[in-house]
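This is work.cif (mmCIF, C-alpha atoms and all ligand atoms).
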data_start
#
loop_
_atom_site.group_PDB
_atom_site.id
_atom_site.type_symbol
_atom_site.label_atom_id
_atom_site.label_comp_id
_atom_site.auth_asym_id
_atom_site.auth_seq_id
_atom_site.Cartn_x
_atom_site.Cartn_y
_atom_site.Cartn_z
ATOM 1 C CA MET A 1 32.520 81.204 140.013
ATOM 2 C CA ILE A 2 35.887 82.883 139.326
ATOM 3 C CA ASP A 3 37.853 81.565 136.353
ATOM 4 C CA ASP A 4 41.676 81.591 136.155
ATOM 5 C CA VAL A 5 41.921 83.165 139.587
ATOM 6 C CA LEU A 6 45.663 83.904 139.473
ATOM 7 C CA GLN A 7 45.679 85.113 135.842
ATOM 8 C CA TYR A 8 49.111 83.876 134.763
ATOM 9 C CA GLU A 9 47.952 82.636 131.359
ATOM 10 C CA GLY A 10 50.206 84.114 128.659
ATOM 11 C CA LYS A 11 52.234 86.106 131.207
ATOM 12 C CA ARG A 12 56.043 86.050 130.933
ATOM 13 C CA ALA A 13 57.615 84.871 134.188
ATOM 14 C CA VAL A 14 61.312 84.614 135.067
ATOM 15 C CA VAL A 15 62.286 82.074 137.747
ATOM 16 C CA THR A 16 65.804 81.805 139.150
ATOM 17 C CA GLY A 17 66.835 78.563 140.809
ATOM 18 C CA SER A 18 64.543 76.707 138.402
ATOM 19 C CA ALA A 19 66.755 73.589 138.406
ATOM 20 C CA SER A 20 65.882 72.487 141.931
ATOM 21 C CA GLY A 21 63.750 72.765 145.055
ATOM 22 C CA MET A 22 61.492 75.796 145.489
ATOM 23 C CA GLY A 23 62.508 77.307 142.135
ATOM 24 C CA ALA A 24 61.670 74.108 140.229
ATOM 25 C CA ALA A 25 58.345 73.840 142.091
ATOM 26 C CA THR A 26 57.551 77.479 141.263
ATOM 27 C CA ALA A 27 58.445 76.993 137.591
ATOM 28 C CA GLN A 28 56.238 73.871 137.412
ATOM 29 C CA ILE A 29 53.224 75.643 138.937
ATOM 30 C CA LEU A 30 53.647 78.551 136.501
ATOM 31 C CA VAL A 31 53.902 76.146 133.538
ATOM 32 C CA ASP A 32 50.707 74.476 134.777
ATOM 33 C CA LEU A 33 49.071 77.933 134.936
ATOM 34 C CA ASP A 34 49.984 78.472 131.237
ATOM 35 C CA ALA A 35 52.556 81.204 131.845
ATOM 36 C CA GLU A 36 55.523 81.576 129.506
ATOM 37 C CA VAL A 37 58.262 80.546 131.927
ATOM 38 C CA ILE A 38 61.938 81.388 131.536
ATOM 39 C CA GLY A 39 64.109 79.400 133.928
ATOM 40 C CA LEU A 40 67.502 80.697 135.046
ATOM 41 C CA ASP A 41 70.055 78.533 136.846
ATOM 42 C CA VAL A 42 73.671 77.353 136.783
ATOM 43 C CA LYS A 43 72.261 73.851 136.420
ATOM 44 C CA PRO A 44 69.877 72.608 133.705
ATOM 45 C CA THR A 45 66.137 73.117 134.283
ATOM 46 C CA GLU A 46 64.179 69.874 133.982
ATOM 47 C CA VAL A 47 60.743 71.461 134.347
ATOM 48 C CA PRO A 48 59.314 71.948 130.812
ATOM 49 C CA VAL A 49 59.773 75.725 130.760
ATOM 50 C CA LYS A 50 59.575 77.722 127.532
ATOM 51 C CA ARG A 51 63.272 78.516 127.786
ATOM 52 C CA HIS A 52 66.191 77.777 130.110
ATOM 53 C CA ILE A 53 69.027 80.284 130.292
ATOM 54 C CA ASP A 54 72.320 79.432 131.968
ATOM 55 C CA VAL A 55 73.143 82.140 134.463
ATOM 56 C CA ASP A 56 75.707 82.447 137.204
ATOM 57 C CA LEU A 57 74.431 85.025 139.680
ATOM 58 C CA ARG A 58 77.993 85.599 140.933
ATOM 59 C CA ASP A 59 78.892 87.049 137.561
ATOM 60 C CA ARG A 60 77.605 90.403 136.322
ATOM 61 C CA ALA A 61 78.285 89.643 132.639
ATOM 62 C CA SER A 62 76.338 86.386 132.912
ATOM 63 C CA ILE A 63 73.333 88.224 134.438
ATOM 64 C CA ASP A 64 73.512 90.967 131.790
ATOM 65 C CA ALA A 65 73.559 88.358 129.003
ATOM 66 C CA ALA A 66 70.515 86.642 130.526
ATOM 67 C CA VAL A 67 68.617 89.951 130.738
ATOM 68 C CA GLU A 68 69.400 90.591 127.054
ATOM 69 C CA ALA A 69 68.155 87.100 126.139
ATOM 70 C CA ILE A 70 64.968 87.438 128.217
ATOM 71 C CA GLY A 71 63.819 90.629 126.467
ATOM 72 C CA SER A 72 60.465 92.307 127.097
ATOM 73 C CA PRO A 73 57.896 92.243 128.629
ATOM 74 C CA VAL A 74 58.458 90.554 131.994
ATOM 75 C CA HIS A 75 55.356 90.331 134.189
ATOM 76 C CA ALA A 76 56.703 88.374 137.151
ATOM 77 C CA VAL A 77 60.164 87.694 138.564
ATOM 78 C CA PHE A 78 60.734 84.911 141.073
ATOM 79 C CA SER A 79 64.157 85.297 142.688
ATOM 80 C CA VAL A 80 64.583 81.891 144.292
ATOM 81 C CA ALA A 81 68.177 80.743 143.599
ATOM 82 C CA GLY A 82 70.465 80.656 146.574
ATOM 83 C CA LEU A 83 73.597 79.240 148.164
ATOM 84 C CA PRO A 84 73.577 77.896 151.742
ATOM 85 C CA GLY A 85 76.833 79.499 152.895
ATOM 86 C CA GLU A 86 79.580 76.992 153.756
ATOM 87 C CA PRO A 87 81.165 75.269 151.824
ATOM 88 C CA PHE A 88 80.705 78.319 149.594
ATOM 89 C CA SER A 89 82.549 81.523 150.479
ATOM 90 C CA ASP A 90 80.814 84.437 152.219
ATOM 91 C CA LEU A 91 81.378 86.531 149.083
ATOM 92 C CA ASP A 92 79.857 83.964 146.692
ATOM 93 C CA THR A 93 76.903 83.425 149.037
ATOM 94 C CA MET A 94 76.233 87.165 149.246
ATOM 95 C CA LEU A 95 76.611 87.602 145.471
ATOM 96 C CA VAL A 96 74.153 84.843 144.588
ATOM 97 C CA ASN A 97 71.636 85.484 147.372
ATOM 98 C CA PHE A 98 71.600 89.278 147.299
ATOM 99 C CA VAL A 99 73.825 91.365 145.019
ATOM 100 C CA GLY A 100 73.368 89.207 141.882
ATOM 101 C CA ALA A 101 69.686 88.600 142.602
ATOM 102 C CA ARG A 102 69.148 92.342 143.049
ATOM 103 C CA HIS A 103 71.075 93.129 139.846
ATOM 104 C CA LEU A 104 68.875 90.749 137.874
ATOM 105 C CA ILE A 105 65.638 92.275 139.197
ATOM 106 C CA GLU A 106 66.854 95.869 138.735
ATOM 107 C CA SER A 107 67.981 95.088 135.179
ATOM 108 C CA LEU A 108 64.560 93.621 134.361
ATOM 109 C CA VAL A 109 62.628 96.577 135.827
ATOM 110 C CA PRO A 110 62.720 98.599 132.550
ATOM 111 C CA ASN A 111 60.975 95.626 130.872
ATOM 112 C CA MET A 112 58.295 95.305 133.567
ATOM 113 C CA PRO A 113 54.966 97.017 132.828
ATOM 114 C CA PRO A 114 52.772 98.500 135.581
ATOM 115 C CA GLY A 115 51.002 95.648 137.369
ATOM 116 C CA SER A 116 54.055 93.398 137.283
ATOM 117 C CA ALA A 117 55.814 92.120 140.386
ATOM 118 C CA ALA A 118 58.944 90.529 141.813
ATOM 119 C CA ALA A 119 59.232 88.176 144.779
ATOM 120 C CA CYS A 120 62.451 87.094 146.496
ATOM 121 C CA VAL A 121 63.066 84.146 148.783
ATOM 122 C CA ALA A 122 64.765 85.196 152.027
ATOM 123 C CA SER A 123 64.671 82.917 155.112
ATOM 124 C CA ASN A 124 63.857 82.699 158.793
ATOM 125 C CA ALA A 125 67.650 82.690 159.128
ATOM 126 C CA GLY A 126 67.303 86.450 158.504
ATOM 127 C CA LEU A 127 65.025 87.090 161.496
ATOM 128 C CA GLY A 128 65.906 90.196 163.475
ATOM 129 C CA TRP A 129 66.850 92.316 160.441
ATOM 130 C CA GLN A 130 64.634 95.203 161.576
ATOM 131 C CA GLN A 131 66.847 95.741 164.640
ATOM 132 C CA GLU A 132 69.926 95.915 162.382
ATOM 133 C CA ILE A 133 68.489 98.160 159.685
ATOM 134 C CA ALA A 134 71.091 100.919 160.178
ATOM 135 C CA ASP A 135 73.879 98.388 159.522
ATOM 136 C CA LEU A 136 72.060 96.892 156.541
ATOM 137 C CA LEU A 137 71.183 100.096 154.668
ATOM 138 C CA PRO A 138 74.743 100.943 153.529
ATOM 139 C CA LEU A 139 74.798 97.882 151.218
ATOM 140 C CA VAL A 140 71.070 98.023 150.464
ATOM 141 C CA THR A 141 71.470 101.552 149.068
ATOM 142 C CA THR A 142 74.508 100.801 146.882
ATOM 143 C CA GLU A 143 73.744 101.035 143.177
ATOM 144 C CA GLY A 144 74.325 98.119 140.869
ATOM 145 C CA PHE A 145 76.354 94.923 140.911
ATOM 146 C CA ASP A 146 79.858 96.434 140.906
ATOM 147 C CA GLU A 147 79.199 98.888 143.742
ATOM 148 C CA GLY A 148 77.501 96.149 145.753
ATOM 149 C CA LYS A 149 80.383 93.719 145.203
ATOM 150 C CA ALA A 150 82.932 96.391 146.138
ATOM 151 C CA TRP A 151 81.036 96.968 149.418
ATOM 152 C CA LEU A 152 81.104 93.229 150.158
ATOM 153 C CA GLU A 153 84.852 93.068 149.508
ATOM 154 C CA ALA A 154 85.465 96.096 151.727
ATOM 155 C CA ASN A 155 83.320 94.771 154.619
ATOM 156 C CA PRO A 156 84.117 91.052 155.120
ATOM 157 C CA GLU A 157 83.205 91.258 158.823
ATOM 158 C CA ARG A 158 79.670 92.436 157.926
ATOM 159 C CA ILE A 159 79.046 89.359 155.794
ATOM 160 C CA ALA A 160 80.641 86.737 158.055
ATOM 161 C CA THR A 161 78.933 83.307 157.656
ATOM 162 C CA GLY A 162 77.377 84.509 154.374
ATOM 163 C CA TYR A 163 73.911 82.996 154.638
ATOM 164 C CA MET A 164 72.318 84.821 157.598
ATOM 165 C CA PRO A 165 73.441 88.284 156.492
ATOM 166 C CA SER A 166 72.373 87.588 152.895
ATOM 167 C CA LYS A 167 68.822 86.903 154.071
ATOM 168 C CA LYS A 168 68.768 90.016 156.279
ATOM 169 C CA PHE A 169 69.901 92.126 153.320
ATOM 170 C CA ILE A 170 67.104 90.710 151.141
ATOM 171 C CA ASN A 171 64.455 91.626 153.737
ATOM 172 C CA ALA A 172 65.924 95.093 154.214
ATOM 173 C CA TRP A 173 66.204 95.759 150.448
ATOM 174 C CA VAL A 174 62.624 94.634 149.817
ATOM 175 C CA ALA A 175 61.369 96.922 152.602
ATOM 176 C CA TRP A 176 63.409 99.857 151.252
ATOM 177 C CA ARG A 177 63.009 99.429 147.484
ATOM 178 C CA ALA A 178 59.313 98.508 147.396
ATOM 179 C CA ALA A 179 58.275 102.128 147.909
ATOM 180 C CA SER A 180 60.077 103.547 144.860
ATOM 181 C CA LEU A 181 59.189 100.589 142.625
ATOM 182 C CA LEU A 182 55.522 101.061 143.473
ATOM 183 C CA GLU A 183 55.697 104.507 141.867
ATOM 184 C CA GLN A 184 56.228 102.586 138.607
ATOM 185 C CA GLY A 185 53.367 100.213 139.408
ATOM 186 C CA ILE A 186 55.751 97.354 140.230
ATOM 187 C CA ARG A 187 55.369 95.411 143.477
ATOM 188 C CA LEU A 188 58.309 93.871 145.373
ATOM 189 C CA ASN A 189 57.902 91.356 148.210
ATOM 190 C CA CYS A 190 59.725 88.441 149.810
ATOM 191 C CA THR A 191 59.044 85.250 151.698
ATOM 192 C CA ASN A 192 60.847 83.954 154.777
ATOM 193 C CA PRO A 193 60.558 80.156 154.638
ATOM 194 C CA GLY A 194 61.091 77.813 157.532
ATOM 195 C CA PRO A 195 63.036 74.527 157.098
ATOM 196 C CA THR A 196 62.142 73.017 153.729
ATOM 197 C CA GLU A 197 62.981 69.602 152.252
ATOM 198 C CA THR A 198 65.140 70.464 149.256
ATOM 199 C CA ALA A 199 68.642 69.698 147.985
ATOM 200 C CA MET A 200 69.929 72.468 150.280
ATOM 201 C CA MET A 201 68.767 70.754 153.471
ATOM 202 C CA PRO A 202 71.665 68.270 153.911
ATOM 203 C CA THR A 203 74.090 71.212 153.772
ATOM 204 C CA PHE A 204 72.148 73.060 156.485
ATOM 205 C CA GLU A 205 72.127 69.935 158.652
ATOM 206 C CA ALA A 206 75.873 69.462 158.189
ATOM 207 C CA GLN A 207 76.515 73.145 159.052
ATOM 208 C CA ALA A 208 74.204 73.723 161.994
ATOM 209 C CA GLY A 209 73.163 70.241 163.121
ATOM 210 C CA LYS A 210 69.748 68.631 162.685
ATOM 211 C CA GLU A 211 68.724 69.751 166.180
ATOM 212 C CA LEU A 212 69.032 73.457 165.399
ATOM 213 C CA ILE A 213 67.284 73.061 162.031
ATOM 214 C CA ASP A 214 64.431 71.219 163.750
ATOM 215 C CA ALA A 215 64.222 73.956 166.399
ATOM 216 C CA PHE A 216 63.061 76.224 163.553
ATOM 217 C CA ILE A 217 60.067 74.046 162.757
ATOM 218 C CA GLY A 218 56.790 75.777 163.528
ATOM 219 C CA PRO A 219 53.715 74.480 165.332
ATOM 220 C CA SER A 220 53.017 72.173 162.350
ATOM 221 C CA GLY A 221 55.788 69.934 163.677
ATOM 222 C CA ARG A 222 57.176 69.178 160.220
ATOM 223 C CA ARG A 223 59.324 70.648 157.500
ATOM 224 C CA SER A 224 57.816 72.402 154.492
ATOM 225 C CA THR A 225 57.731 70.931 151.012
ATOM 226 C CA ALA A 226 59.075 72.928 148.083
ATOM 227 C CA GLU A 227 55.530 73.292 146.701
ATOM 228 C CA GLU A 228 54.333 74.795 149.990
ATOM 229 C CA GLN A 229 56.929 77.532 149.477
ATOM 230 C CA ALA A 230 56.220 77.934 145.766
ATOM 231 C CA TRP A 231 52.483 78.639 146.058
ATOM 232 C CA PRO A 232 52.850 81.721 148.297
ATOM 233 C CA LEU A 233 55.414 83.115 145.824
ATOM 234 C CA VAL A 234 53.016 82.531 142.929
ATOM 235 C CA PHE A 235 50.231 84.193 144.930
ATOM 236 C CA LEU A 236 52.393 87.191 145.936
ATOM 237 C CA ASN A 237 53.324 87.913 142.310
ATOM 238 C CA SER A 238 49.746 87.487 141.066
ATOM 239 C CA LEU A 239 47.334 90.333 140.363
ATOM 240 C CA ARG A 240 45.384 89.138 143.403
ATOM 241 C CA CYS A 241 48.026 90.720 145.646
ATOM 242 C CA SER A 242 47.781 94.136 143.983
ATOM 243 C CA TYR A 243 47.789 95.933 147.377
ATOM 244 C CA VAL A 244 50.708 93.938 148.834
ATOM 245 C CA ALA A 245 54.181 95.482 148.564
ATOM 246 C CA GLY A 246 57.271 95.622 150.764
ATOM 247 C CA GLU A 247 55.927 92.573 152.563
ATOM 248 C CA ALA A 248 58.112 89.988 154.311
ATOM 249 C CA LEU A 249 55.775 87.001 154.324
ATOM 250 C CA HIS A 250 56.680 84.380 156.928
ATOM 251 C CA THR A 251 56.013 81.053 155.260
ATOM 252 C CA ASP A 252 57.019 79.160 158.394
ATOM 253 C CA ALA A 253 53.851 77.458 159.645
ATOM 254 C CA GLY A 254 53.440 79.780 162.626
ATOM 255 C CA PHE A 255 57.049 79.624 163.866
ATOM 256 C CA LEU A 256 57.552 83.397 164.200
ATOM 257 C CA GLY A 257 54.231 83.961 165.945
ATOM 258 C CA ALA A 258 54.933 81.156 168.397
ATOM 259 C CA MET A 259 58.436 82.503 169.028
ATOM 260 C CA VAL A 260 57.458 86.138 169.702
ATOM 261 C CA THR A 261 54.697 85.000 172.058
ATOM 262 C CA GLY A 262 57.121 82.834 174.012
ATOM 263 C CA GLN A 263 55.668 79.474 172.998
ATOM 264 C CA ILE A 264 58.877 78.426 171.229
ATOM 265 C CA ASN A 265 62.310 79.282 172.552
ATOM 266 C CA VAL A 266 65.054 79.441 169.967
ATOM 267 C CA GLU A 267 68.320 81.261 170.288
ATOM 268 C CA MET A 268 69.310 82.667 166.900
ATOM 269 C CA PRO A 269 72.828 81.392 166.049
ATOM 270 C CA ALA A 270 75.576 84.017 166.202
ATOM 271 C CA GLN A 271 76.293 85.529 162.792
HETATM 272 N N1 LIG A 301 65.625 74.630 152.070
HETATM 273 C C1 LIG A 301 65.417 75.409 153.135
HETATM 274 O O1 LIG A 301 65.248 74.933 154.273
HETATM 275 C C2 LIG A 301 65.350 76.901 152.976
HETATM 276 C C3 LIG A 301 64.826 77.660 154.034
HETATM 277 C C4 LIG A 301 64.720 79.044 153.883
HETATM 278 C C5 LIG A 301 65.117 79.636 152.694
HETATM 279 N N2 LIG A 301 65.637 78.877 151.675
HETATM 280 C C6 LIG A 301 65.993 79.555 150.432
HETATM 281 O O2 LIG A 301 65.187 79.050 149.389
HETATM 282 C C7 LIG A 301 65.807 79.312 148.131
HETATM 283 C C8 LIG A 301 65.719 78.062 147.270
HETATM 284 O O3 LIG A 301 66.537 77.062 147.839
HETATM 285 P P1 LIG A 301 66.131 75.520 147.865
HETATM 286 O O4 LIG A 301 65.907 75.164 149.273
HETATM 287 O O5 LIG A 301 65.086 75.275 146.852
HETATM 288 O O6 LIG A 301 67.545 74.871 147.473
HETATM 289 P P2 LIG A 301 68.082 74.153 146.150
HETATM 290 O O7 LIG A 301 69.512 73.895 146.428
HETATM 291 O O8 LIG A 301 67.202 72.998 145.818
HETATM 292 O O9 LIG A 301 67.929 75.246 145.005
HETATM 293 C C9 LIG A 301 68.821 76.324 144.868
HETATM 294 C C10 LIG A 301 69.035 76.588 143.386
HETATM 295 O O10 LIG A 301 69.881 77.751 143.238
HETATM 296 C C11 LIG A 301 70.763 77.487 142.163
HETATM 297 N N3 LIG A 301 71.988 78.278 142.237
HETATM 298 C C12 LIG A 301 73.006 78.128 143.129
HETATM 299 N N4 LIG A 301 74.014 78.939 142.801
HETATM 300 C C13 LIG A 301 73.633 79.636 141.704
HETATM 301 C C14 LIG A 301 74.272 80.624 140.902
HETATM 302 N N5 LIG A 301 75.537 81.027 141.150
HETATM 303 N N6 LIG A 301 73.594 81.139 139.857
HETATM 304 C C15 LIG A 301 72.344 80.693 139.567
HETATM 305 N N7 LIG A 301 71.701 79.746 140.266
HETATM 306 C C16 LIG A 301 72.338 79.225 141.335
HETATM 307 C C17 LIG A 301 71.077 75.995 142.308
HETATM 308 O O11 LIG A 301 71.652 75.444 141.121
HETATM 309 C C18 LIG A 301 69.727 75.417 142.667
HETATM 310 O O12 LIG A 301 68.999 75.032 141.513
HETATM 311 C C19 LIG A 301 67.226 79.760 148.455
HETATM 312 O O13 LIG A 301 67.311 81.158 148.313
HETATM 313 C C20 LIG A 301 67.394 79.346 149.912
HETATM 314 O O14 LIG A 301 68.323 80.135 150.586
HETATM 315 C C21 LIG A 301 65.746 77.530 151.796
#
Take the structure I supplied and represent it as structure tokens, if you would.
Amino acid sequence: MIDDVLQYEGKRAVVTGSASGMGAATAQILVDLDAEVIGLDVKPTEVPVKRHIDVDLRDRASIDAAVEAIGSPVHAVFSVAGLPGEPFSDLDTMLVNFVGARHLIESLVPNMPPGSAAACVASNAGLGWQQEIADLLPLVTTEGFDEGKAWLEANPERIATGYMPSKKFINAWVAWRAASLLEQGIRLNCTNPGPTETAMMPTFEAQAGKELIDAFIGPSGRRSTAEEQAWPLVFLNSLRCSYVAGEALHTDAGFLGAMVTGQINVEMPAQ
């Protein structure tokens, strides 16, 4: 009999996007596991977290103020907040989904003891990033929020549509940065969810059409719930995944496997 298998009791966990969807589900699970949860969002967090901090991931000063308020130690970071692209600008989408999210994690690293971990939510919309790694590394290897934002402003054609590139950059950064973070005993991973029923879904359907969204459903034949995306994040950041780093976990109910073996045929939309 193993007690408290995930060992979050008393751990300090930071969850972005805690107001809604996958972030709210993650925050709730962590509260139920007796972690000390700090929720970050532009909207109020309804889950009974220890503390909610207003943060706008488009704004460096707002992130820096949140980091100051969070303090030390931080054992687990869940980077879940995101924008869906249109109607938001490419720049805002990239700032929230990648540059701001990265700045938050990097700023928390000095407060993260060995054994701690961070997990980001990317997306199956970022599939194919490995083939584009040479184009992704120039932003991935920028240092800090200001340098990252300057790169975005100088390369609008590289971030066209906002959402798909943002998810490719997350995958590429996780693959690249995990190695050096591991030297400090900190693990970095991400998930790539398939279509999930959250507040973001109506925007995706309006953008791409229900048909294309449904083409991304895996062999399960249904969309994911927010909780089904939250549990893998909680697992990835737990001590039970101590030998998992730089991993892009496909939480898509077998979609990728079925696609690469020719059982599902989906043309990725043009970026
Ligand atoms: N829903 C899907 O089908 C799907 C699929 C793959 C990946 N994702 C990703 O999952 C993550 C969670 O999204 P969700 O589906 O739970 O959607 P959601 O809209 O329910 O949650 C997104 C949260 O991010 C917050 N947010 C937006 N802008 C912010 C900002 N500037 N600063 C701080 N917080 C901000 C929102 O207030 C909201 O609480 C996102 O990164 C999204 O891209 C979603």
Contacts of ligand LIG 301 (chain A), 6 Å or closer, all atoms listed in the file, given as a ChimeraX atom specification | /A:17-23,41-43,55-58,80-84,96,121-123,193-201
Return as a PDB file with C-alpha atoms, in the coordinates of the input the set of residues that the PyMOL selection byres (((chain A and resi 135) around 12) and not hetatm) yields on the displayed structure.
ATOM      1  CA  TRP A 129      66.850  92.316 160.441  1.00  0.00           C
ATOM      2  CA  GLN A 130      64.634  95.203 161.576  1.00  0.00           C
ATOM      3  CA  GLN A 131      66.847  95.741 164.640  1.00  0.00           C
ATOM      4  CA  GLU A 132      69.926  95.915 162.382  1.00  0.00           C
ATOM      5  CA  ILE A 133      68.489  98.160 159.685  1.00  0.00           C
ATOM      6  CA  ALA A 134      71.091 100.919 160.178  1.00  0.00           C
ATOM      7  CA  LEU A 136      72.060  96.892 156.541  1.00  0.00           C
ATOM      8  CA  LEU A 137      71.183 100.096 154.668  1.00  0.00           C
ATOM      9  CA  PRO A 138      74.743 100.943 153.529  1.00  0.00           C
ATOM     10  CA  LEU A 139      74.798  97.882 151.218  1.00  0.00           C
ATOM     11  CA  VAL A 140      71.070  98.023 150.464  1.00  0.00           C
ATOM     12  CA  THR A 141      71.470 101.552 149.068  1.00  0.00           C
ATOM     13  CA  ASN A 155      83.320  94.771 154.619  1.00  0.00           C
ATOM     14  CA  GLU A 157      83.205  91.258 158.823  1.00  0.00           C
ATOM     15  CA  ARG A 158      79.670  92.436 157.926  1.00  0.00           C
ATOM     16  CA  ILE A 159      79.046  89.359 155.794  1.00  0.00           C
ATOM     17  CA  PRO A 165      73.441  88.284 156.492  1.00  0.00           C
ATOM     18  CA  LYS A 168      68.768  90.016 156.279  1.00  0.00           C
ATOM     19  CA  PHE A 169      69.901  92.126 153.320  1.00  0.00           C
ATOM     20  CA  ALA A 172      65.924  95.093 154.214  1.00  0.00           C
TER      21      ALA A 172
END
Of the listed residues A:Ile213, A:Val174, A:Met268, A:Met259, that which approaches Gly246 (chain A) most closely, counting only C-alpha atoms |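 Of all the options, A:Val174 lies closest to Gly246 (chain A).
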Assuming 6 Å of padding per side, give the centre and edge lengths of the axis-aligned box around every listed atom of region 238-253 of chain A, in Å to one decimal and as JSON.
{"center_x": 51.7, "center_y": 86.7, "center_z": 150.0, "size_x": 24.7, "size_y": 30.5, "size_z": 31.3}
Apply the PyMOL selection byres (((chain A and resi 187-191) around 9) and not hetatm) to the displayed file and report the matching residues as a PDB file with C-alpha atoms, in the frame of the given file.
ATOM      1  CA  SER A  79      64.157  85.297 142.688  1.00  0.00           C
ATOM      2  CA  PRO A 114      52.772  98.500 135.581  1.00  0.00           C
ATOM      3  CA  GLY A 115      51.002  95.648 137.369  1.00  0.00           C
ATOM      4  CA  SER A 116      54.055  93.398 137.283  1.00  0.00           C
ATOM      5  CA  ALA A 117      55.814  92.120 140.386  1.00  0.00           C
ATOM      6  CA  ALA A 118      58.944  90.529 141.813  1.00  0.00           C
ATOM      7  CA  ALA A 119      59.232  88.176 144.779  1.00  0.00           C
ATOM      8  CA  CYS A 120      62.451  87.094 146.496  1.00  0.00           C
ATOM      9  CA  VAL A 121      63.066  84.146 148.783  1.00  0.00           C
ATOM     10  CA  ALA A 122      64.765  85.196 152.027  1.00  0.00           C
ATOM     11  CA  SER A 123      64.671  82.917 155.112  1.00  0.00           C
ATOM     12  CA  ASN A 124      63.857  82.699 158.793  1.00  0.00           C
ATOM     13  CA  ILE A 170      67.104  90.710 151.141  1.00  0.00           C
ATOM     14  CA  ASN A 171      64.455  91.626 153.737  1.00  0.00           C
ATOM     15  CA  VAL A 174      62.624  94.634 149.817  1.00  0.00           C
ATOM     16  CA  ALA A 175      61.369  96.922 152.602  1.00  0.00           C
ATOM     17  CA  ARG A 177      63.009  99.429 147.484  1.00  0.00           C
ATOM     18  CA  ALA A 178      59.313  98.508 147.396  1.00  0.00           C
ATOM     19  CA  ALA A 179      58.275 102.128 147.909  1.00  0.00           C
ATOM     20  CA  LEU A 181      59.189 100.589 142.625  1.00  0.00           C
ATOM     21  CA  LEU A 182      55.522 101.061 143.473  1.00  0.00           C
ATOM     22  CA  GLN A 184      56.228 102.586 138.607  1.00  0.00           C
ATOM     23  CA  GLY A 185      53.367 100.213 139.408  1.00  0.00           C
ATOM     24  CA  ILE A 186      55.751  97.354 140.230  1.00  0.00           C
ATOM     25  CA  ASN A 192      60.847  83.954 154.777  1.00  0.00           C
ATOM     26  CA  PRO A 193      60.558  80.156 154.638  1.00  0.00           C
ATOM     27  CA  GLN A 229      56.929  77.532 149.477  1.00  0.00           C
ATOM     28  CA  PRO A 232      52.850  81.721 148.297  1.00  0.00           C
ATOM     29  CA  LEU A 233      55.414  83.115 145.824  1.00  0.00           C
ATOM     30  CA  LEU A 236      52.393  87.191 145.936  1.00  0.00           C
ATOM     31  CA  ASN A 237      53.324  87.913 142.310  1.00  0.00           C
ATOM     32  CA  CYS A 241      48.026  90.720 145.646  1.00  0.00           C
ATOM     33  CA  SER A 242      47.781  94.136 143.983  1.00  0.00           C
ATOM     34  CA  TYR A 243      47.789  95.933 147.377  1.00  0.00           C
ATOM     35  CA  VAL A 244      50.708  93.938 148.834  1.00  0.00           C
ATOM     36  CA  ALA A 245      54.181  95.482 148.564  1.00  0.00           C
ATOM     37  CA  GLY A 246      57.271  95.622 150.764  1.00  0.00           C
ATOM     38  CA  GLU A 247      55.927  92.573 152.563  1.00  0.00           C
ATOM     39  CA  ALA A 248      58.112  89.988 154.311  1.00  0.00           C
ATOM     40  CA  LEU A 249      55.775  87.001 154.324  1.00  0.00           C
ATOM     41  CA  HIS A 250      56.680  84.380 156.928  1.00  0.00           C
ATOM     42  CA  THR A 251      56.013  81.053 155.260  1.00  0.00           C
TER      43      THR A 251
END
Atom pair CA of Val266 (chain A) / CA of Leu212 (chain A): separation (Å) =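 Interatomic distance here is 8.5 Å.
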Using only C-alpha atoms, which residue out of A:Glu205, A:Asp59, A:Asp252, A:Asp4 lies closest to Ser224 (chain A)?
->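 Between A:Glu205, A:Asp59, A:Asp252, A:Asp4, the residue approaching Ser224 (chain A) most closely is A:Asp252.
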For Lys11 (chain A), which residue among A:Ser166, A:Ser62, A:Ser72, A:Thr203 is the nearest when counting all atoms listed in the file?
->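 Counting all atoms listed in the file, the residue closest to Lys11 (chain A) is A:Ser72.
Of note, CA of Asp34 (chain A) and CA of Tyr8 (chain A) are spaced 6.5 Å apart.
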Between A:Val67, A:Ala76, A:Ile105, A:Ala226, which is the closest to Leu239 (chain A) once you count only C-alpha atoms?
->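 Closest residue, counting only C-alpha atoms: A:Ala76.
The spacing separating CA of Gly126 (chain A) from CA of Phe204 (chain A) amounts to 14.4 Å.
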Nearest candidate to Pro202 (chain A) (options A:Tyr163, A:Val74, A:Glu228, A:Glu86; using only C-alpha atoms) |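 The answer is A:Glu86, which sits nearest to Pro202 (chain A).
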